[in-house]
Amino acid sequence: MSLRELLSTSDHSVRELTEHLSQSFIPRVARLAKQTKSYNRPEERSQIPDVTIRNSAAEVVQSDDFSQALYEKLNTVFWVLEQAAGRAVGE
């Protein structure tokens, strides 16, 4: 890949990760935090269905797995970009 293609790929990957975090991961974590907020109050603890918490936690874990895959892809693109840039400047 040319440097231009690598830069374009890295830009796309950064945007994809940022979009995923802001539109999927962070809202899911916030929802789980809101659902478990009343857990510290014993009188409200039983009002939170276990299945709700399990499902929300599973969504967070699944979203995190996807985030990690995107991060690994981005990290690889950055490494290749670094190598290509080094070759381009004669290092």
# chains A, B, ... in the order shown; residues from 1 in each chain; ligands from 1
$ residues_around --residues "Leu7 (chain A)" --least-positions-apart "5" --cutoff "10 Å" --atoms "only C-alpha atoms" --output "MDAnalysis selection string"
chainID A and resid 1:2 12:13 77:78 81
$ select_by_dssp --residues "chain A" --states "alpha helix (DSSP H)" --output "JSON, numbers by chain"
{"A": [3, 4, 5, 6, 7, 8, 9, 10, 11, 12, 13, 14, 15, 16, 17, 18, 19, 20, 26, 27, 28, 29, 30, 31, 32, 33, 34, 35, 36, 42, 43, 44, 45, 50, 51, 52, 53, 54, 55, 56, 57, 58, 59, 60, 61, 62, 63, 64, 65, 66, 67, 68, 69, 70, 71, 72, 73, 74, 75, 76, 77, 78, 79, 80, 81, 82, 83, 84, 85, 86, 87, 88]}
$ closest_residue --among "A:Val60, A:Val29, A:Val80, A:Ile48" --to "Thr9 (chain A)" --atoms "only C-alpha atoms"
A:Val80
$ atom_distance --atom1 "CA of Gln35 (chain A)" --atom2 "CA of Gln47 (chain A)"
10.0 Å
$ residues_around --residues "region 61-71 of chain A" --least-positions-apart "3" --cutoff "10 Å" --atoms "only C-alpha atoms" --output "ChimeraX atom specification"
/A:13-14,16-18,20-21,24-26,28-29,55-58,74-77
$ atom_distance --atom1 "CA of Ser8 (chain A)" --atom2 "CA of Glu72 (chain A)"
16.9 Å
$ residues_around --residues "Thr36 (chain A)" --least-positions-apart "3" --cutoff "8 Å" --atoms "only C-alpha atoms" --output "mmCIF file with N, CA and C atoms, in the first residue's frame"
data_model
loop_
_atom_site.group_PDB
_atom_site.id
_atom_site.type_symbol
_atom_site.label_atom_id
_atom_site.label_comp_id
_atom_site.auth_asym_id
_atom_site.auth_seq_id
_atom_site.Cartn_x
_atom_site.Cartn_y
_atom_site.Cartn_z
ATOM 1 N N LEU A 32 -25.722 0.231 31.644
ATOM 2 C CA LEU A 32 -25.425 -0.735 32.703
ATOM 3 C C LEU A 32 -25.179 -0.019 34.028
ATOM 4 N N ALA A 33 -24.462 1.080 34.000
ATOM 5 C CA ALA A 33 -24.210 1.850 35.229
ATOM 6 C C ALA A 33 -25.516 2.362 35.819
ATOM 7 N N TYR A 39 -28.182 -0.497 43.220
ATOM 8 C CA TYR A 39 -27.763 -1.718 43.892
ATOM 9 C C TYR A 39 -27.230 -1.431 45.298
ATOM 10 N N ILE A 48 -34.162 -4.864 40.537
ATOM 11 C CA ILE A 48 -33.352 -5.008 39.329
ATOM 12 C C ILE A 48 -33.347 -6.490 38.939
ATOM 13 N N ILE A 53 -29.515 -7.315 34.109
ATOM 14 C CA ILE A 53 -28.101 -7.013 34.362
ATOM 15 C C ILE A 53 -27.209 -7.926 33.523
#
$ decode --residues "region 18-68 of chain A" --atoms "N, CA and C atoms" --output "JSON list (two decimals), in the first residue's frame"
[["chain", "number", "residue", "atom", "x", "y", "z"],
["A", 18, "THR", "N", -13.78, 5.44, 16.82],
["A", 18, "THR", "CA", -14.40, 6.56, 17.52],
["A", 18, "THR", "C", -15.92, 6.48, 17.46],
["A", 19, "GLU", "N", -16.43, 6.17, 16.28],
["A", 19, "GLU", "CA", -17.88, 6.05, 16.11],
["A", 19, "GLU", "C", -18.44, 4.91, 16.95],
["A", 20, "HIS", "N", -17.75, 3.79, 16.93],
["A", 20, "HIS", "CA", -18.22, 2.64, 17.72],
["A", 20, "HIS", "C", -18.23, 2.99, 19.21],
["A", 21, "LEU", "N", -17.15, 3.60, 19.69],
["A", 21, "LEU", "CA", -17.09, 3.94, 21.11],
["A", 21, "LEU", "C", -18.19, 4.92, 21.51],
["A", 22, "SER", "N", -18.38, 5.94, 20.70],
["A", 22, "SER", "CA", -19.36, 6.97, 21.07],
["A", 22, "SER", "C", -20.81, 6.53, 20.85],
["A", 23, "GLN", "N", -21.07, 5.70, 19.85],
["A", 23, "GLN", "CA", -22.45, 5.33, 19.54],
["A", 23, "GLN", "C", -22.88, 3.98, 20.09],
["A", 24, "SER", "N", -21.92, 3.16, 20.49],
["A", 24, "SER", "CA", -22.29, 1.83, 20.96],
["A", 24, "SER", "C", -21.74, 1.54, 22.36],
["A", 25, "PHE", "N", -20.42, 1.57, 22.50],
["A", 25, "PHE", "CA", -19.81, 1.15, 23.76],
["A", 25, "PHE", "C", -20.19, 2.05, 24.93],
["A", 26, "ILE", "N", -19.96, 3.34, 24.80],
["A", 26, "ILE", "CA", -20.23, 4.26, 25.91],
["A", 26, "ILE", "C", -21.71, 4.25, 26.31],
["A", 27, "PRO", "N", -22.65, 4.28, 25.36],
["A", 27, "PRO", "CA", -24.06, 4.21, 25.77],
["A", 27, "PRO", "C", -24.41, 2.90, 26.50],
["A", 28, "ARG", "N", -23.80, 1.80, 26.09],
["A", 28, "ARG", "CA", -24.07, 0.52, 26.76],
["A", 28, "ARG", "C", -23.51, 0.52, 28.18],
["A", 29, "VAL", "N", -22.33, 1.05, 28.36],
["A", 29, "VAL", "CA", -21.74, 1.14, 29.69],
["A", 29, "VAL", "C", -22.59, 2.06, 30.57],
["A", 30, "ALA", "N", -23.03, 3.17, 30.00],
["A", 30, "ALA", "CA", -23.87, 4.11, 30.76],
["A", 30, "ALA", "C", -25.18, 3.45, 31.17],
["A", 31, "ARG", "N", -25.77, 2.68, 30.26],
["A", 31, "ARG", "CA", -27.02, 1.99, 30.58],
["A", 31, "ARG", "C", -26.81, 0.98, 31.71],
["A", 32, "LEU", "N", -25.72, 0.23, 31.64],
["A", 32, "LEU", "CA", -25.43, -0.73, 32.70],
["A", 32, "LEU", "C", -25.18, -0.02, 34.03],
["A", 33, "ALA", "N", -24.46, 1.08, 34.00],
["A", 33, "ALA", "CA", -24.21, 1.85, 35.23],
["A", 33, "ALA", "C", -25.52, 2.36, 35.82],
["A", 34, "LYS", "N", -26.40, 2.85, 34.96],
["A", 34, "LYS", "CA", -27.70, 3.35, 35.44],
["A", 34, "LYS", "C", -28.53, 2.22, 36.05],
["A", 35, "GLN", "N", -28.50, 1.05, 35.41],
["A", 35, "GLN", "CA", -29.28, -0.08, 35.90],
["A", 35, "GLN", "C", -28.78, -0.57, 37.25],
["A", 36, "THR", "N", -27.50, -0.46, 37.48],
["A", 36, "THR", "CA", -26.93, -0.98, 38.73],
["A", 36, "THR", "C", -26.74, 0.10, 39.79],
["A", 37, "LYS", "N", -27.09, 1.32, 39.48],
["A", 37, "LYS", "CA", -26.90, 2.44, 40.41],
["A", 37, "LYS", "C", -27.60, 2.20, 41.75],
["A", 38, "SER", "N", -28.80, 1.68, 41.70],
["A", 38, "SER", "CA", -29.56, 1.51, 42.94],
["A", 38, "SER", "C", -29.15, 0.25, 43.70],
["A", 39, "TYR", "N", -28.18, -0.50, 43.22],
["A", 39, "TYR", "CA", -27.76, -1.72, 43.89],
["A", 39, "TYR", "C", -27.23, -1.43, 45.30],
["A", 40, "ASN", "N", -26.68, -0.25, 45.52],
["A", 40, "ASN", "CA", -26.16, 0.10, 46.84],
["A", 40, "ASN", "C", -27.25, 0.32, 47.88],
["A", 41, "ARG", "N", -28.48, 0.45, 47.42],
["A", 41, "ARG", "CA", -29.60, 0.63, 48.35],
["A", 41, "ARG", "C", -30.36, -0.70, 48.45],
["A", 42, "PRO", "N", -30.21, -1.39, 49.57],
["A", 42, "PRO", "CA", -30.81, -2.73, 49.71],
["A", 42, "PRO", "C", -32.30, -2.78, 49.41],
["A", 43, "GLU", "N", -33.03, -1.74, 49.75],
["A", 43, "GLU", "CA", -34.48, -1.76, 49.51],
["A", 43, "GLU", "C", -34.81, -1.73, 48.02],
["A", 44, "GLU", "N", -33.89, -1.29, 47.18],
["A", 44, "GLU", "CA", -34.14, -1.24, 45.74],
["A", 44, "GLU", "C", -33.44, -2.37, 44.98],
["A", 45, "ARG", "N", -32.58, -3.09, 45.64],
["A", 45, "ARG", "CA", -31.78, -4.13, 45.00],
["A", 45, "ARG", "C", -32.63, -5.19, 44.31],
["A", 46, "SER", "N", -33.72, -5.59, 44.93],
["A", 46, "SER", "CA", -34.55, -6.66, 44.36],
["A", 46, "SER", "C", -35.36, -6.18, 43.16],
["A", 47, "GLN", "N", -35.41, -4.89, 42.93],
["A", 47, "GLN", "CA", -36.17, -4.36, 41.80],
["A", 47, "GLN", "C", -35.42, -4.48, 40.47],
["A", 48, "ILE", "N", -34.16, -4.86, 40.54],
["A", 48, "ILE", "CA", -33.35, -5.01, 39.33],
["A", 48, "ILE", "C", -33.35, -6.49, 38.94],
["A", 49, "PRO", "N", -34.02, -6.85, 37.86],
["A", 49, "PRO", "CA", -34.01, -8.25, 37.44],
["A", 49, "PRO", "C", -32.60, -8.71, 37.05],
["A", 50, "ASP", "N", -32.22, -9.88, 37.53],
["A", 50, "ASP", "CA", -30.89, -10.41, 37.23],
["A", 50, "ASP", "C", -30.66, -10.54, 35.73],
["A", 51, "VAL", "N", -31.68, -10.96, 35.01],
["A", 51, "VAL", "CA", -31.53, -11.16, 33.57],
["A", 51, "VAL", "C", -31.23, -9.83, 32.86],
["A", 52, "THR", "N", -31.78, -8.76, 33.37],
["A", 52, "THR", "CA", -31.51, -7.44, 32.79],
["A", 52, "THR", "C", -30.04, -7.09, 32.94],
["A", 53, "ILE", "N", -29.51, -7.32, 34.11],
["A", 53, "ILE", "CA", -28.10, -7.01, 34.36],
["A", 53, "ILE", "C", -27.21, -7.93, 33.52],
["A", 54, "ARG", "N", -27.54, -9.20, 33.47],
["A", 54, "ARG", "CA", -26.74, -10.14, 32.67],
["A", 54, "ARG", "C", -26.74, -9.74, 31.20],
["A", 55, "ASN", "N", -27.90, -9.39, 30.68],
["A", 55, "ASN", "CA", -27.99, -9.00, 29.27],
["A", 55, "ASN", "C", -27.21, -7.72, 29.00],
["A", 56, "SER", "N", -27.33, -6.75, 29.88],
["A", 56, "SER", "CA", -26.60, -5.49, 29.70],
["A", 56, "SER", "C", -25.10, -5.71, 29.80],
["A", 57, "ALA", "N", -24.69, -6.53, 30.76],
["A", 57, "ALA", "CA", -23.25, -6.82, 30.91],
["A", 57, "ALA", "C", -22.73, -7.57, 29.69],
["A", 58, "ALA", "N", -23.52, -8.49, 29.17],
["A", 58, "ALA", "CA", -23.12, -9.23, 27.97],
["A", 58, "ALA", "C", -22.97, -8.29, 26.77],
["A", 59, "GLU", "N", -23.87, -7.31, 26.66],
["A", 59, "GLU", "CA", -23.76, -6.32, 25.58],
["A", 59, "GLU", "C", -22.48, -5.50, 25.72],
["A", 60, "VAL", "N", -22.14, -5.13, 26.94],
["A", 60, "VAL", "CA", -20.91, -4.36, 27.16],
["A", 60, "VAL", "C", -19.69, -5.20, 26.79],
["A", 61, "VAL", "N", -19.68, -6.46, 27.20],
["A", 61, "VAL", "CA", -18.56, -7.33, 26.89],
["A", 61, "VAL", "C", -18.45, -7.54, 25.38],
["A", 62, "GLN", "N", -19.56, -7.76, 24.72],
["A", 62, "GLN", "CA", -19.56, -7.95, 23.26],
["A", 62, "GLN", "C", -19.06, -6.68, 22.56],
["A", 63, "SER", "N", -19.52, -5.54, 23.02],
["A", 63, "SER", "CA", -19.09, -4.27, 22.45],
["A", 63, "SER", "C", -17.60, -4.05, 22.71],
["A", 64, "ASP", "N", -17.13, -4.43, 23.88],
["A", 64, "ASP", "CA", -15.71, -4.30, 24.19],
["A", 64, "ASP", "C", -14.87, -5.21, 23.31],
["A", 65, "ASP", "N", -15.34, -6.42, 23.06],
["A", 65, "ASP", "CA", -14.62, -7.33, 22.15],
["A", 65, "ASP", "C", -14.48, -6.70, 20.77],
["A", 66, "PHE", "N", -15.55, -6.09, 20.29],
["A", 66, "PHE", "CA", -15.51, -5.42, 18.99],
["A", 66, "PHE", "C", -14.54, -4.24, 19.05],
["A", 67, "SER", "N", -14.57, -3.49, 20.15],
["A", 67, "SER", "CA", -13.64, -2.36, 20.32],
["A", 67, "SER", "C", -12.20, -2.83, 20.28],
["A", 68, "GLN", "N", -11.93, -3.93, 20.95],
["A", 68, "GLN", "CA", -10.56, -4.46, 20.98],
["A", 68, "GLN", "C", -10.12, -4.91, 19.59]]
